[in-house]
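Participant: Below is a structure I'd like to ask you about.
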Number of protein chains: 2
Amino acid sequence: MGLHLPSFSDVERAAERLRGHVVRTPLLSSSQLNALAGRRVVLKPECLQHTGSFKFRGAFNRLCQLTAKERAAGVVAWSSGNHAQGVALAAQLLNIPARIVMPADAPQIKTRNTLALGAEVVAYDRYSEDREVIARDLVMRNGGTIVPSYDDADIIAGQGTVGLELLQDTEPPEALLVCCSGGGLVAGCALAVEGLNASTAVFSVEPAEFNDHERSLRNGIRERVEPGSTSICDALLAPTPGELTFAINQQILAGGLSVSDEEVLLAMSFAFEHLKLVLEPGGAVALAALLSGKVPEHYRSVGIILSGGNVDPAVFAAAIKAVSNSQSNP
Amino acid sequence: MGLHLPSFSDVERAAERLRGHVVRTPLLSSSQLNALAGRRVVLKPECLQHTGSFKFRGAFNRLCQLTAKERAAGVVAWSSGNHAQGVALAAQLLNIPARIVMPADAPQIKTRNTLALGAEVVAYDRYSEDREVIARDLVMRNGGTIVPSYDDADIIAGQGTVGLELLQDTEPPEALLVCCSGGGLVAGCALAVEGLNASTAVFSVEPAEFNDHERSLRNGIRERVEPGSTSICDALLAPTPGELTFAINQQILAGGLSVSDEEVLLAMSFAFEHLKLVLEPGGAVALAALLSGKVPEHYRSVGIILSGGNVDPAVFAAAIKAVSNSQSNP
């Protein structure tokens, strides 16, 4: 049985459905960043999207296509927090009941906002329980439609509108850096690049110990992260590429990059000081890859997706103060 | 002798001069903010402007009109930090030497960025020295043109492009809230409102102990702040309205509002959590006025200028953590 892979026209149709519902996030630039990177850099700040991350795009694209009967039965999702908020807001706008399975140690801001959007939150222990089992059990008992966070044609197409907007609003950059967990955002953006015949080289960017895409792209098979791996990027902890997303990414991506926690903290601090944007760790990995010199010099222009900004105050405060202290006491 | 007051056509001409040089900052909205305020709110984030505040607009509008001879002799300005950076960047772009008199206790980020933009920084003690005397002395000895931070027709017209863009990009809000120190930004925005025949009521917003505009507008004369007044809003400490700015503001403004330091901190924290924007204290006063219930309910739509985001990490960290702690331990 073949996989149902989304195409560029699915991204275009998603953009139609999302019109008037999503924030068309601006493109930003920074002379400091251009100088530091030695090339033209364009930034797509999806932290300014509804719910503080790009995730609302895919969720709305999926939920708005449910039938009246499906809507009445509600939706179920699992998420470390950004997909949770995206699904919760889409469900609220479309008047659909939503149940979200979230880790008990998710950032408080993510759990609080999901609840504030009217969703029911079912907490689980990341270390001893399986969230998919919990979600499927909820559906078995109460009905409802599962909304996957990345391995779904409508989700991928919805996230792809980020790349589509970027390419509509500026000359195609020679390289495009996209954060990557299950691979939905980067796959959608890759479809947009391919569909518009842009010569942009698309790269996934992951936390160093969660570089399953980087290794999978190199080796041609879906690799898994080592058990016990850690990262401050709570949004980017998927253990292996999605089936659909990898089928796309394997065909289109130029390669995978990865960054250390320290490089992520530096990028968050740079965004605070020079861009005036709040980025969560997972939202800063693409910028971190550029700032840490991981993008080959021959790419003379670079697009960066700043994917989210949902971070607890204590974590953000520690990030910007740590860098500040190391600047004053080198 | 009459004052040379700028007009709406000066704002329009400034917009022409600035085209391609300034960031046309986007308009943002937030469903949480709309819900909290019970009305439509549009936000103009000038923290995303070059140098992290609106000040580059006025500076560039002034400096680009200097003659070749004036440019060669350089410019001199005094500033607590945002005008400093605006003048420094405009001077750098136009290849003009710049000397800026800045308080020794200005936020480090402001001094560091001004130096990084190639300006010469002359430090002075805010409590014992007069910055205007120092600046005029520099000009006497070395020549050069003084670039005032607000009481100048070109500066006012340049800052007015913030209001012009806002009104071009959305239906005129019923009220517009603008931060206020010497009154240049609010005067320029008021000229834009008047020139476009918008029925928008324009309000200045100041720190509680620096509410000289609020009192001056009420009493019809230029009032001064009490000696020894304090505020965390380092950018909004001008002691009295400007002569030109007050002549405009007295005619057009609907009134003045003011906010406490605590209300400013709450607004900074709200912007961190829900808008993903970094605001400095002075950049958050207009939002603070709305959030603290100071805007009469009958204004059903409100425009807010978020004027700057240059804040030291320790100050920002303290702001977002203080609010976070008070939320967890009410």
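A note on labels: chains of the structure tokens are A, B, ... as shown, every chain counts residues from 1, and ligands are counted from 1 in their shown order.
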Given a cut-off of 9 Å, which residues of chain A touch chain B, counting only C-alpha atoms, written out as a PyMOL selection string?
Facilitator: chain A and resi 23+25-26+28-31+47-52+109+269+272-279+308-314+316-318+320-321+324
Participant: Could you dump the residues just selected with N, CA and C atoms as a JSON list (two decimals), in the first residue's frame?
Facilitator:
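So out-v1.json came out as:
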```json
[["chain", "number", "residue", "atom", "x", "y", "z"],
["A", 23, "VAL", "N", -2.11, 34.39, 11.25],
["A", 23, "VAL", "CA", -1.31, 35.60, 11.08],
["A", 23, "VAL", "C", -0.38, 35.37, 9.90],
["A", 25, "THR", "N", 2.69, 36.04, 9.06],
["A", 25, "THR", "CA", 3.82, 36.59, 9.80],
["A", 25, "THR", "C", 4.75, 37.35, 8.86],
["A", 26, "PRO", "N", 5.31, 38.46, 9.33],
["A", 26, "PRO", "CA", 6.17, 39.28, 8.46],
["A", 26, "PRO", "C", 7.51, 38.60, 8.23],
["A", 28, "LEU", "N", 11.44, 39.46, 8.63],
["A", 28, "LEU", "CA", 12.27, 40.44, 9.31],
["A", 28, "LEU", "C", 13.72, 40.28, 8.87],
["A", 29, "SER", "N", 14.48, 41.35, 9.05],
["A", 29, "SER", "CA", 15.92, 41.24, 8.84],
["A", 29, "SER", "C", 16.61, 42.07, 9.90],
["A", 30, "SER", "N", 17.89, 41.86, 10.03],
["A", 30, "SER", "CA", 18.65, 42.56, 11.06],
["A", 30, "SER", "C", 20.04, 42.86, 10.51],
["A", 31, "SER", "N", 20.42, 44.14, 10.55],
["A", 31, "SER", "CA", 21.74, 44.46, 10.01],
["A", 31, "SER", "C", 22.84, 43.80, 10.83],
["A", 47, "CYS", "N", 6.93, 32.69, 15.90],
["A", 47, "CYS", "CA", 6.59, 32.95, 17.30],
["A", 47, "CYS", "C", 5.49, 34.01, 17.38],
["A", 48, "LEU", "N", 5.32, 34.80, 16.32],
["A", 48, "LEU", "CA", 4.25, 35.81, 16.30],
["A", 48, "LEU", "C", 2.92, 35.23, 15.80],
["A", 49, "GLN", "N", 2.92, 33.93, 15.48],
["A", 49, "GLN", "CA", 1.69, 33.26, 15.04],
["A", 49, "GLN", "C", 0.74, 33.08, 16.22],
["A", 50, "HIS", "N", -0.55, 32.91, 15.95],
["A", 50, "HIS", "CA", -1.50, 32.55, 17.02],
["A", 50, "HIS", "C", -0.94, 31.37, 17.82],
["A", 51, "THR", "N", -1.08, 31.40, 19.10],
["A", 51, "THR", "CA", -0.58, 30.40, 20.07],
["A", 51, "THR", "C", 0.94, 30.34, 20.13],
["A", 52, "GLY", "N", 1.62, 31.28, 19.50],
["A", 52, "GLY", "CA", 3.07, 31.39, 19.69],
["A", 52, "GLY", "C", 3.91, 30.37, 18.94],
["A", 109, "ILE", "N", 3.80, 27.24, 30.66],
["A", 109, "ILE", "CA", 3.13, 28.18, 29.76],
["A", 109, "ILE", "C", 2.33, 27.41, 28.71],
["A", 269, "SER", "N", 19.53, 34.26, 23.18],
["A", 269, "SER", "CA", 20.03, 35.52, 23.70],
["A", 269, "SER", "C", 20.22, 36.55, 22.59],
["A", 272, "PHE", "N", 16.87, 37.88, 21.70],
["A", 272, "PHE", "CA", 16.44, 38.83, 22.73],
["A", 272, "PHE", "C", 17.10, 40.19, 22.52],
["A", 273, "GLU", "N", 18.40, 40.18, 22.32],
["A", 273, "GLU", "CA", 19.13, 41.45, 22.27],
["A", 273, "GLU", "C", 18.95, 42.18, 20.94],
["A", 274, "HIS", "N", 18.99, 41.46, 19.84],
["A", 274, "HIS", "CA", 19.03, 42.14, 18.54],
["A", 274, "HIS", "C", 17.73, 42.07, 17.75],
["A", 275, "LEU", "N", 16.93, 41.04, 17.98],
["A", 275, "LEU", "CA", 15.67, 40.92, 17.21],
["A", 275, "LEU", "C", 14.46, 41.32, 18.03],
["A", 276, "LYS", "N", 14.61, 41.39, 19.36],
["A", 276, "LYS", "CA", 13.50, 41.71, 20.27],
["A", 276, "LYS", "C", 12.39, 40.69, 20.19],
["A", 277, "LEU", "N", 12.78, 39.45, 19.90],
["A", 277, "LEU", "CA", 11.81, 38.35, 19.83],
["A", 277, "LEU", "C", 12.08, 37.35, 20.93],
["A", 278, "VAL", "N", 10.99, 36.82, 21.48],
["A", 278, "VAL", "CA", 11.08, 35.75, 22.47],
["A", 278, "VAL", "C", 11.04, 34.42, 21.72],
["A", 279, "LEU", "N", 12.13, 33.66, 21.81],
["A", 279, "LEU", "CA", 12.17, 32.33, 21.20],
["A", 279, "LEU", "C", 12.30, 31.27, 22.27],
["A", 308, "GLY", "N", 8.89, 29.08, 17.19],
["A", 308, "GLY", "CA", 8.02, 29.21, 18.35],
["A", 308, "GLY", "C", 8.64, 29.99, 19.49],
["A", 309, "GLY", "N", 7.79, 30.46, 20.39],
["A", 309, "GLY", "CA", 8.27, 31.29, 21.50],
["A", 309, "GLY", "C", 7.64, 30.97, 22.84],
["A", 310, "ASN", "N", 7.18, 29.74, 23.02],
["A", 310, "ASN", "CA", 6.52, 29.39, 24.28],
["A", 310, "ASN", "C", 7.53, 28.83, 25.28],
["A", 311, "VAL", "N", 8.01, 29.71, 26.12],
["A", 311, "VAL", "CA", 9.07, 29.33, 27.05],
["A", 311, "VAL", "C", 8.74, 29.91, 28.42],
["A", 312, "ASP", "N", 8.99, 29.11, 29.45],
["A", 312, "ASP", "CA", 8.72, 29.59, 30.81],
["A", 312, "ASP", "C", 9.70, 30.71, 31.18],
["A", 313, "PRO", "N", 9.22, 31.67, 31.98],
["A", 313, "PRO", "CA", 10.07, 32.82, 32.32],
["A", 313, "PRO", "C", 11.41, 32.42, 32.93],
["A", 314, "ALA", "N", 11.41, 31.43, 33.81],
["A", 314, "ALA", "CA", 12.67, 31.08, 34.47],
["A", 314, "ALA", "C", 13.69, 30.55, 33.46],
["A", 316, "PHE", "N", 13.78, 31.26, 30.22],
["A", 316, "PHE", "CA", 14.21, 32.37, 29.36],
["A", 316, "PHE", "C", 15.18, 33.28, 30.11],
["A", 317, "ALA", "N", 14.83, 33.57, 31.37],
["A", 317, "ALA", "CA", 15.69, 34.45, 32.18],
["A", 317, "ALA", "C", 17.07, 33.84, 32.33],
["A", 318, "ALA", "N", 17.12, 32.54, 32.56],
["A", 318, "ALA", "CA", 18.43, 31.88, 32.72],
["A", 318, "ALA", "C", 19.22, 31.96, 31.42],
["A", 320, "ILE", "N", 19.08, 34.26, 28.92],
["A", 320, "ILE", "CA", 19.62, 35.57, 28.57],
["A", 320, "ILE", "C", 20.64, 36.04, 29.60],
["A", 321, "LYS", "N", 20.49, 35.62, 30.86],
["A", 321, "LYS", "CA", 21.45, 36.05, 31.88],
["A", 321, "LYS", "C", 22.75, 35.28, 31.77],
["A", 324, "SER", "N", 24.66, 36.91, 29.05],
["A", 324, "SER", "CA", 25.06, 38.23, 29.50],
["A", 324, "SER", "C", 26.25, 38.15, 30.45]]
```
Participant: Once DSSP has gone over the backbone, tell me which residues of range 33-236 of chain A are in strand (DSSP E or B), as a ChimeraX atom specification.
Facilitator: /A:40-45,53,75-78,98-103,120-124,145-146,175-179,201-207
Participant: Hey, can you spit out that residue selection with N, CA and C atoms as an mmCIF file, in the first residue's frame?
Facilitator:
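After the write, selection_39.cif holds the following:
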```
data_model
loop_
_atom_site.group_PDB
_atom_site.id
_atom_site.type_symbol
_atom_site.label_atom_id
_atom_site.label_comp_id
_atom_site.auth_asym_id
_atom_site.auth_seq_id
_atom_site.Cartn_x
_atom_site.Cartn_y
_atom_site.Cartn_z
ATOM 1 N N ARG A 40 23.051 37.825 3.386
ATOM 2 C CA ARG A 40 21.680 38.279 3.598
ATOM 3 C C ARG A 40 20.894 37.190 4.334
ATOM 4 N N VAL A 41 20.235 37.591 5.408
ATOM 5 C CA VAL A 41 19.445 36.639 6.190
ATOM 6 C C VAL A 41 18.011 37.158 6.294
ATOM 7 N N VAL A 42 17.031 36.319 5.978
ATOM 8 C CA VAL A 42 15.638 36.691 6.206
ATOM 9 C C VAL A 42 15.045 35.760 7.254
ATOM 10 N N LEU A 43 14.250 36.359 8.130
ATOM 11 C CA LEU A 43 13.709 35.637 9.271
ATOM 12 C C LEU A 43 12.196 35.586 9.179
ATOM 13 N N LYS A 44 11.619 34.420 9.403
ATOM 14 C CA LYS A 44 10.163 34.259 9.407
ATOM 15 C C LYS A 44 9.760 33.939 10.848
ATOM 16 N N PRO A 45 9.276 34.946 11.586
ATOM 17 C CA PRO A 45 9.029 34.763 13.030
ATOM 18 C C PRO A 45 7.656 34.151 13.315
ATOM 19 N N SER A 53 3.330 29.662 17.986
ATOM 20 C CA SER A 53 4.146 28.773 17.150
ATOM 21 C C SER A 53 3.399 28.471 15.856
ATOM 22 N N VAL A 75 -11.896 15.911 18.952
ATOM 23 C CA VAL A 75 -10.567 15.504 18.493
ATOM 24 C C VAL A 75 -9.682 15.167 19.693
ATOM 25 N N VAL A 76 -8.700 14.312 19.420
ATOM 26 C CA VAL A 76 -7.731 13.898 20.437
ATOM 27 C C VAL A 76 -6.337 14.083 19.847
ATOM 28 N N ALA A 77 -5.421 14.639 20.637
ATOM 29 C CA ALA A 77 -4.046 14.793 20.158
ATOM 30 C C ALA A 77 -3.084 14.539 21.309
ATOM 31 N N TRP A 78 -1.843 14.280 20.978
ATOM 32 C CA TRP A 78 -0.795 14.262 21.996
ATOM 33 C C TRP A 78 0.282 15.230 21.560
ATOM 34 N N ALA A 98 -11.917 19.256 22.377
ATOM 35 C CA ALA A 98 -10.549 18.753 22.186
ATOM 36 C C ALA A 98 -10.004 18.176 23.484
ATOM 37 N N ARG A 99 -9.398 16.996 23.358
ATOM 38 C CA ARG A 99 -8.672 16.378 24.480
ATOM 39 C C ARG A 99 -7.214 16.237 24.072
ATOM 40 N N ILE A 100 -6.306 16.745 24.914
ATOM 41 C CA ILE A 100 -4.897 16.702 24.540
ATOM 42 C C ILE A 100 -4.103 15.968 25.618
ATOM 43 N N VAL A 101 -3.336 14.974 25.215
ATOM 44 C CA VAL A 101 -2.458 14.232 26.115
ATOM 45 C C VAL A 101 -1.109 14.948 26.151
ATOM 46 N N MET A 102 -0.748 15.463 27.337
ATOM 47 C CA MET A 102 0.481 16.270 27.461
ATOM 48 C C MET A 102 1.357 15.732 28.584
ATOM 49 N N PRO A 103 2.682 15.789 28.418
ATOM 50 C CA PRO A 103 3.557 15.343 29.506
ATOM 51 C C PRO A 103 3.366 16.203 30.755
ATOM 52 N N GLU A 120 -9.367 19.990 27.049
ATOM 53 C CA GLU A 120 -9.177 19.148 28.225
ATOM 54 C C GLU A 120 -7.757 18.593 28.145
ATOM 55 N N VAL A 121 -6.977 18.723 29.204
ATOM 56 C CA VAL A 121 -5.601 18.231 29.186
ATOM 57 C C VAL A 121 -5.492 16.958 30.013
ATOM 58 N N VAL A 122 -4.986 15.887 29.398
ATOM 59 C CA VAL A 122 -4.751 14.624 30.088
ATOM 60 C C VAL A 122 -3.241 14.489 30.275
ATOM 61 N N ALA A 123 -2.793 14.553 31.522
ATOM 62 C CA ALA A 123 -1.351 14.527 31.785
ATOM 63 C C ALA A 123 -0.844 13.091 31.865
ATOM 64 N N TYR A 124 0.405 12.879 31.440
ATOM 65 C CA TYR A 124 1.021 11.550 31.554
ATOM 66 C C TYR A 124 2.496 11.722 31.910
ATOM 67 N N THR A 145 -11.571 11.936 16.695
ATOM 68 C CA THR A 145 -10.566 11.808 15.642
ATOM 69 C C THR A 145 -9.194 12.179 16.194
ATOM 70 N N ILE A 146 -8.226 11.342 15.924
ATOM 71 C CA ILE A 146 -6.859 11.664 16.346
ATOM 72 C C ILE A 146 -6.241 12.659 15.361
ATOM 73 N N ALA A 175 19.658 29.121 0.860
ATOM 74 C CA ALA A 175 19.455 28.025 1.819
ATOM 75 C C ALA A 175 18.293 28.392 2.736
ATOM 76 N N LEU A 176 17.558 27.380 3.199
ATOM 77 C CA LEU A 176 16.457 27.588 4.141
ATOM 78 C C LEU A 176 16.642 26.615 5.295
ATOM 79 N N LEU A 177 16.667 27.161 6.526
ATOM 80 C CA LEU A 177 16.886 26.334 7.709
ATOM 81 C C LEU A 177 15.582 26.209 8.487
ATOM 82 N N VAL A 178 15.193 24.972 8.765
ATOM 83 C CA VAL A 178 13.898 24.716 9.409
ATOM 84 C C VAL A 178 14.090 23.750 10.572
ATOM 85 N N CYS A 179 13.546 24.110 11.730
ATOM 86 C CA CYS A 179 13.647 23.219 12.885
ATOM 87 C C CYS A 179 12.924 21.918 12.581
ATOM 88 N N ALA A 201 18.218 25.393 -1.140
ATOM 89 C CA ALA A 201 18.598 24.148 -0.468
ATOM 90 C C ALA A 201 17.967 24.145 0.923
ATOM 91 N N VAL A 202 17.123 23.156 1.205
ATOM 92 C CA VAL A 202 16.410 23.116 2.485
ATOM 93 C C VAL A 202 17.129 22.173 3.454
ATOM 94 N N PHE A 203 17.373 22.668 4.679
ATOM 95 C CA PHE A 203 18.039 21.869 5.707
ATOM 96 C C PHE A 203 17.145 21.709 6.932
ATOM 97 N N SER A 204 17.089 20.517 7.475
ATOM 98 C CA SER A 204 16.484 20.325 8.795
ATOM 99 C C SER A 204 17.517 20.695 9.848
ATOM 100 N N VAL A 205 17.044 21.230 10.978
ATOM 101 C CA VAL A 205 17.952 21.528 12.087
ATOM 102 C C VAL A 205 17.390 20.896 13.360
ATOM 103 N N GLU A 206 18.221 20.146 14.051
ATOM 104 C CA GLU A 206 17.791 19.396 15.244
ATOM 105 C C GLU A 206 18.744 19.630 16.416
ATOM 106 N N PRO A 207 18.294 19.283 17.626
ATOM 107 C CA PRO A 207 19.216 19.263 18.769
ATOM 108 C C PRO A 207 20.255 18.155 18.552
#
```
Participant: Residues within 6 Å of Ala157 in chain B, please, as an NGL selection string. Count only C-alpha atoms; anything in the same chain fewer than 6 positions from it doesn't count.
Facilitator: :B and (10-11 or 188)
Participant: Could you give me, as JSON, numbers by chain, each residue of range 144-275 of chain A that DSSP assigns to alpha helix (DSSP H) when run on this structure's backbone?
Facilitator: {"A": [153, 154, 155, 156, 157, 158, 159, 160, 161, 162, 163, 164, 165, 166, 167, 168, 169, 184, 185, 186, 187, 188, 189, 190, 191, 192, 193, 194, 195, 212, 213, 214, 215, 216, 217, 218, 219, 243, 244, 245, 246, 247, 248, 249, 250, 251, 252, 261, 262, 263, 264, 265, 266, 267, 268, 269, 270]}
Participant: Once you have the residues from the selection above, write them out as a JSON list (two decimals), in the first residue's frame, restricted to C-alpha atoms.
Facilitator:
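Output below, filename selection_13.json:
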```
[["chain", "number", "residue", "atom", "x", "y", "z"],
["A", 153, "ALA", "CA", -0.86, 14.91, 4.82],
["A", 154, "ASP", "CA", -3.07, 17.80, 6.00],
["A", 155, "ILE", "CA", -0.76, 18.69, 8.87],
["A", 156, "ILE", "CA", 2.29, 18.70, 6.60],
["A", 157, "ALA", "CA", 0.46, 20.81, 3.99],
["A", 158, "GLY", "CA", -0.67, 23.31, 6.64],
["A", 159, "GLN", "CA", 2.84, 23.75, 8.04],
["A", 160, "GLY", "CA", 4.09, 24.15, 4.47],
["A", 161, "THR", "CA", 2.29, 27.48, 4.24],
["A", 162, "VAL", "CA", 5.14, 28.93, 6.35],
["A", 163, "GLY", "CA", 7.56, 28.22, 3.52],
["A", 164, "LEU", "CA", 5.06, 29.27, 0.87],
["A", 165, "GLU", "CA", 4.59, 32.70, 2.49],
["A", 166, "LEU", "CA", 8.33, 33.18, 2.87],
["A", 167, "LEU", "CA", 8.93, 32.45, -0.80],
["A", 168, "GLN", "CA", 6.04, 34.71, -1.85],
["A", 169, "ASP", "CA", 7.42, 37.61, 0.19],
["A", 184, "GLY", "CA", 6.33, 18.05, 9.36],
["A", 185, "LEU", "CA", 7.32, 21.70, 9.11],
["A", 186, "VAL", "CA", 10.45, 21.05, 7.09],
["A", 187, "ALA", "CA", 8.61, 18.62, 4.78],
["A", 188, "GLY", "CA", 5.87, 21.16, 4.13],
["A", 189, "CYS", "CA", 8.40, 23.93, 3.47],
["A", 190, "ALA", "CA", 10.31, 21.59, 1.15],
["A", 191, "LEU", "CA", 7.13, 20.97, -0.84],
["A", 192, "ALA", "CA", 6.70, 24.73, -1.20],
["A", 193, "VAL", "CA", 10.28, 25.16, -2.40],
["A", 194, "GLU", "CA", 9.94, 22.32, -4.90],
["A", 195, "GLY", "CA", 6.52, 23.45, -6.08],
["A", 212, "ASP", "CA", 17.75, 11.39, 13.85],
["A", 213, "HIS", "CA", 16.95, 13.28, 10.62],
["A", 214, "GLU", "CA", 20.55, 14.29, 10.07],
["A", 215, "ARG", "CA", 21.62, 10.65, 10.37],
["A", 216, "SER", "CA", 18.59, 9.29, 8.50],
["A", 217, "LEU", "CA", 19.16, 11.61, 5.55],
["A", 218, "ARG", "CA", 22.81, 10.58, 5.45],
["A", 219, "ASN", "CA", 22.12, 6.85, 5.75],
["A", 243, "GLU", "CA", 7.01, 7.81, 7.75],
["A", 244, "LEU", "CA", 5.32, 10.38, 5.48],
["A", 245, "THR", "CA", 7.62, 13.22, 6.43],
["A", 246, "PHE", "CA", 10.73, 11.16, 5.77],
["A", 247, "ALA", "CA", 9.44, 10.02, 2.38],
["A", 248, "ILE", "CA", 9.26, 13.71, 1.43],
["A", 249, "ASN", "CA", 12.36, 14.93, 3.24],
["A", 250, "GLN", "CA", 14.53, 12.15, 1.84],
["A", 251, "GLN", "CA", 13.64, 13.30, -1.68],
["A", 252, "ILE", "CA", 13.94, 17.05, -1.30],
["A", 261, "ASP", "CA", 22.17, 23.29, 23.92],
["A", 262, "GLU", "CA", 24.80, 25.99, 24.38],
["A", 263, "GLU", "CA", 24.41, 27.11, 20.78],
["A", 264, "VAL", "CA", 20.63, 27.25, 21.29],
["A", 265, "LEU", "CA", 21.01, 29.43, 24.39],
["A", 266, "LEU", "CA", 23.26, 31.82, 22.48],
["A", 267, "ALA", "CA", 20.67, 32.08, 19.70],
["A", 268, "MET", "CA", 17.88, 32.80, 22.21],
["A", 269, "SER", "CA", 20.03, 35.52, 23.70],
["A", 270, "PHE", "CA", 20.85, 36.98, 20.30]]
```
Participant: Report, in Å to a single decimal, how far apart CA of Gly182 in chain B and CA of Ala104 in chain B are.
Facilitator: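 Going from CA of Ala104 in chain B over to CA of Gly182 in chain B covers 20.6 Å.
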Participant: Write out as number ranges by chain which residues come within 8 Å of Ala238 in chain B when counting only C-alpha atoms, dropping same-chain ones fewer than 3 positions away.
Facilitator: B: 181-182, 210, 241
Participant: Find, counting only C-alpha atoms, the residue in B:Thr114, B:Ser149, B:Ser229, B:Ser80 that gets nearest to Gln92 in chain B.
Facilitator: B:Thr114
Participant: CA of Ala73 in chain A to CA of Arg136 in chain A: how many Å, to one decimal?
Facilitator: 14.2 Å
Participant: So the first atom is CA of His21 in chain A and the second is CA of Asn61 in chain A; what is the distance between them in Å, to one decimal place?
Facilitator: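 The value is 10.2 Å.
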Participant: List the neighbours of Val87 in chain A out to 7 Å using only C-alpha atoms; skip same-chain residues closer than 3 positions along the sequence, and give me the result as a short mmCIF file (atom, residue, chain, number, x, y, z; two decimals) with C-alpha atoms, in the first residue's frame.
Facilitator:
```cif
data_model
loop_
_atom_site.label_atom_id
_atom_site.label_comp_id
_atom_site.auth_asym_id
_atom_site.auth_seq_id
_atom_site.Cartn_x
_atom_site.Cartn_y
_atom_site.Cartn_z
CA PHE A 56 -1.85 26.34 14.49
CA ALA A 59 -4.07 21.94 13.10
CA HIS A 83 0.73 21.21 18.74
CA ALA A 84 -1.50 21.09 21.84
CA ALA A 90 -8.38 25.50 15.99
CA ALA A 91 -10.90 23.39 17.93
#
```
